[in-house]
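What follows is a short report on a single structure.
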Amino acid sequence: MSGGRVFFWAGFVALMAASLWVVAPDPARLAAGLPRLMGWLGGAWPPDFSGGADIARRAAETVGIATLGTVAAAVIGLPLALMATRQVTPSAALYHPLRGILDALRGVDGFVFALLFVAAVGLGPFAGMLGVALHSAGSVAKLWSETMENADPRPSEAILAVGGTRLEVALCALLPQTLPQNLGGLLYVWEANIRASTVLGLVGAGGLGQELKNAVDLLDFNRVLAILIVIIALTFAADRISGSLRRSLA
């Protein structure tokens with residue numbers, strides 16, 4: 001076995017050992033808790049869809065948070081993606097810090113950003129939308145920049161050869177070439193944001209998570225089950241819509 005593989009497996013074993021020590025998984029506690037969980041689930045039937053208007057309003061907030069957050073992420077992410085593409089920014093002194101910014105945005109979860117924006121703008125879906133937008137901007141820009149870096153280099157080289165600027169490379173070569181892939185990536189981010197937005201209400205940022213938190217606080221498991229069914233249905237619909245649109249772009 002090569003030295004690189006030995007190093008890899010040694011690191012993996014060390015990581016697993018450290019993770020087991022920190023997390024301290026306890027199968028006995030799980031075995032003791034499962035009957036209690038099954039009892040709660042058994043008592044949650046039938047689901048309580050009373051006050052359906054409230055659930056529908058929260059579901060609409062979830063879709064709105066994800067949709068507006070994704071559009072805002074695209075607006076923020078487009079210039080970041082262009083600047084973090086080698087064909088546009090060949091200087092390593094600029095390129096690597098820009099990539100670091102994208103990693104920083106992606107590294108902080110939208111849930112955390114939403115919590116910060118709740119403190120800044122108050123409770124409600126607006127804070128959730130801002131949190132989704134900031135986190136997703138990093139993801140969108142990362143996807144788009146990598147797609148553009150892998151584009152056919154010949155159009156870019158031709159523009160530079162006749163004296164074109166880096167901006168013209170971006171506008172006339174990279175963006176037209178990668179438009180279908182970039183739109184597909186944006187739809188994937190929107191689909192992921194639908195799922196993520198369902199829990200933002202746990203920090204007061206609106207959406208179905210707010211209704212779910214209220215039901216859990218009241219130990220109203222019939223209501224919890226109803227909300228979970230709506231979340232699954234919403235996620236399923238977003239997945240099918242996004243998948244269909246991505247296939248049409250392929």
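Here's how to read the names in the structure tokens: chain A, B, ... by the order shown, residue numbers from 1 in each chain, ligand numbers from 1 in the order shown.
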
*Could you name the residues that touch Gln177 of chain A at 10 Å or less, counting only C-alpha atoms, but leaving out those on the same chain fewer than 3 positions away, as a list in words?*
Thr147, Met148, Ala151, Asp152, Pro155, Ala170, Leu171, Cys172, Ala173, Leu174, Pro180, Gln181 and Asn182 of chain A

Could I get the residues of segment 171-244 of chain A with an atom no further than 8 Å from an atom of segment 70-85 of chain A, each paired with its nearest atom pair and that distance in Å to one decimal, using only C-alpha atoms, sorted by chain and residue number, as a Markdown table?
| residue | atom | partner | partner_atom | distance |
| --- | --- | --- | --- | --- |
| A:Leu186 | CA | A:Ala74 | CA | 7.5 |
| A:Val189 | CA | A:Thr70 | CA | 7.1 |
| A:Trp190 | CA | A:Thr70 | CA | 5.7 |
| A:Asn193 | CA | A:Thr70 | CA | 7.4 |

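Nearest residue to Ser139 of chain A among A:Gly11, A:Gly206, A:Gly107, A:Gly201 is A:Gly107, counting only C-alpha atoms.
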
*Looking only at helix (DSSP H, G or I) from DSSP on the backbone, list the matching residues of segment 25-174 of chain A as a PyMOL selection string.*
chain A and resi 27-43+52-83+92-107+110-121+125-149+153-161+166-174

_Residues near segment 123-128 of chain A, anyone? I mean within 6 Å using only C-alpha atoms, not counting same-chain ones fewer than 4 positions away, as a count of residues only._
6

_One-decimal distance in Å that lies between atom CA of Arg240 of chain A and atom CA of Val63 of chain A_ =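 Here the two named atoms are 14.5 Å from each other.
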
*Contacts of Ala226 of chain A at 8 Å (only C-alpha atoms; same-chain gap of 6+ positions) as a VMD selection string*: chain A and resid 47 to 49

Print the selection's residues with C-alpha atoms to a file, as a PDB file, in the first residue's frame.
ATOM      1  CA  PRO A  47     -53.485  14.117  11.391  1.00  0.00           C
ATOM      2  CA  ASP A  48     -55.161  17.340  12.462  1.00  0.00           C
ATOM      3  CA  PHE A  49     -55.735  19.567   9.437  1.00  0.00           C
TER       4      PHE A  49
END

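Here atom CA of Ala233 of chain A is placed at a distance of 18.6 Å from atom CA of Ala215 of chain A.
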
*Separation of atom CA of Ala104 of chain A from atom CA of Leu143 of chain A, in Å and rounded to one decimal*: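 Distance between the two atoms: 14.5 Å.
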
*Between A:Arg106, A:Arg5, A:Lys213, A:Arg86, single out the one closest to Leu228 of chain A, counting only C-alpha atoms.*
A:Lys213

What lies within 8 Å of Glu191 of chain A using only C-alpha atoms, ignoring chain neighbours under 4 positions off, as an mmCIF file with N, CA and C atoms, in the first residue's frame?
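This is the output file selection_3.cif:
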data_model
loop_
_atom_site.group_PDB
_atom_site.id
_atom_site.type_symbol
_atom_site.label_atom_id
_atom_site.label_comp_id
_atom_site.auth_asym_id
_atom_site.auth_seq_id
_atom_site.Cartn_x
_atom_site.Cartn_y
_atom_site.Cartn_z
ATOM 1 N N LEU A 187 -32.156 26.026 -10.539
ATOM 2 C CA LEU A 187 -33.365 25.275 -10.183
ATOM 3 C C LEU A 187 -33.080 24.259 -9.085
ATOM 4 N N ARG A 195 -36.770 22.826 0.706
ATOM 5 C CA ARG A 195 -36.588 21.948 1.870
ATOM 6 C C ARG A 195 -36.029 22.722 3.051
ATOM 7 N N THR A 235 -42.191 19.312 -0.624
ATOM 8 C CA THR A 235 -40.865 18.908 -1.093
ATOM 9 C C THR A 235 -40.974 18.030 -2.334
ATOM 10 N N ALA A 238 -41.868 20.243 -5.312
ATOM 11 C CA ALA A 238 -40.706 21.042 -5.746
ATOM 12 C C ALA A 238 -39.707 20.177 -6.498
ATOM 13 N N ASP A 239 -39.508 18.951 -6.006
ATOM 14 C CA ASP A 239 -38.571 18.039 -6.671
ATOM 15 C C ASP A 239 -39.036 17.718 -8.084
ATOM 16 N N SER A 242 -38.843 20.991 -10.333
ATOM 17 C CA SER A 242 -37.451 21.306 -10.638
ATOM 18 C C SER A 242 -36.853 20.295 -11.604
#

*Would you mind telling me which residue in A:Gly243, A:Pro90, A:Gly43, A:Gly110 lies nearest to Tyr188 of chain A when using only C-alpha atoms?*
A:Gly243

*Identify which of the residues A:Ser197, A:Leu68, A:Asn214, A:Ala137 lies closest to Ile101 of chain A, counting only C-alpha atoms when measuring atom-to-atom distances.*
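Looking only at the distances to Ile101 of chain A, the closest residue turns out to be A:Ala137.
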
*Please provide as a list in words all residues within 8 Å of segment 60-62 of chain A, with the sequence filter that same-chain residues fewer than 3 positions apart are discarded (counting only C-alpha atoms).*
Ala56, Arg57, Ile65, Ala66, Pro125, Ile194, Ser197, Thr198, Gly206, Gly207 and Leu208 of chain A
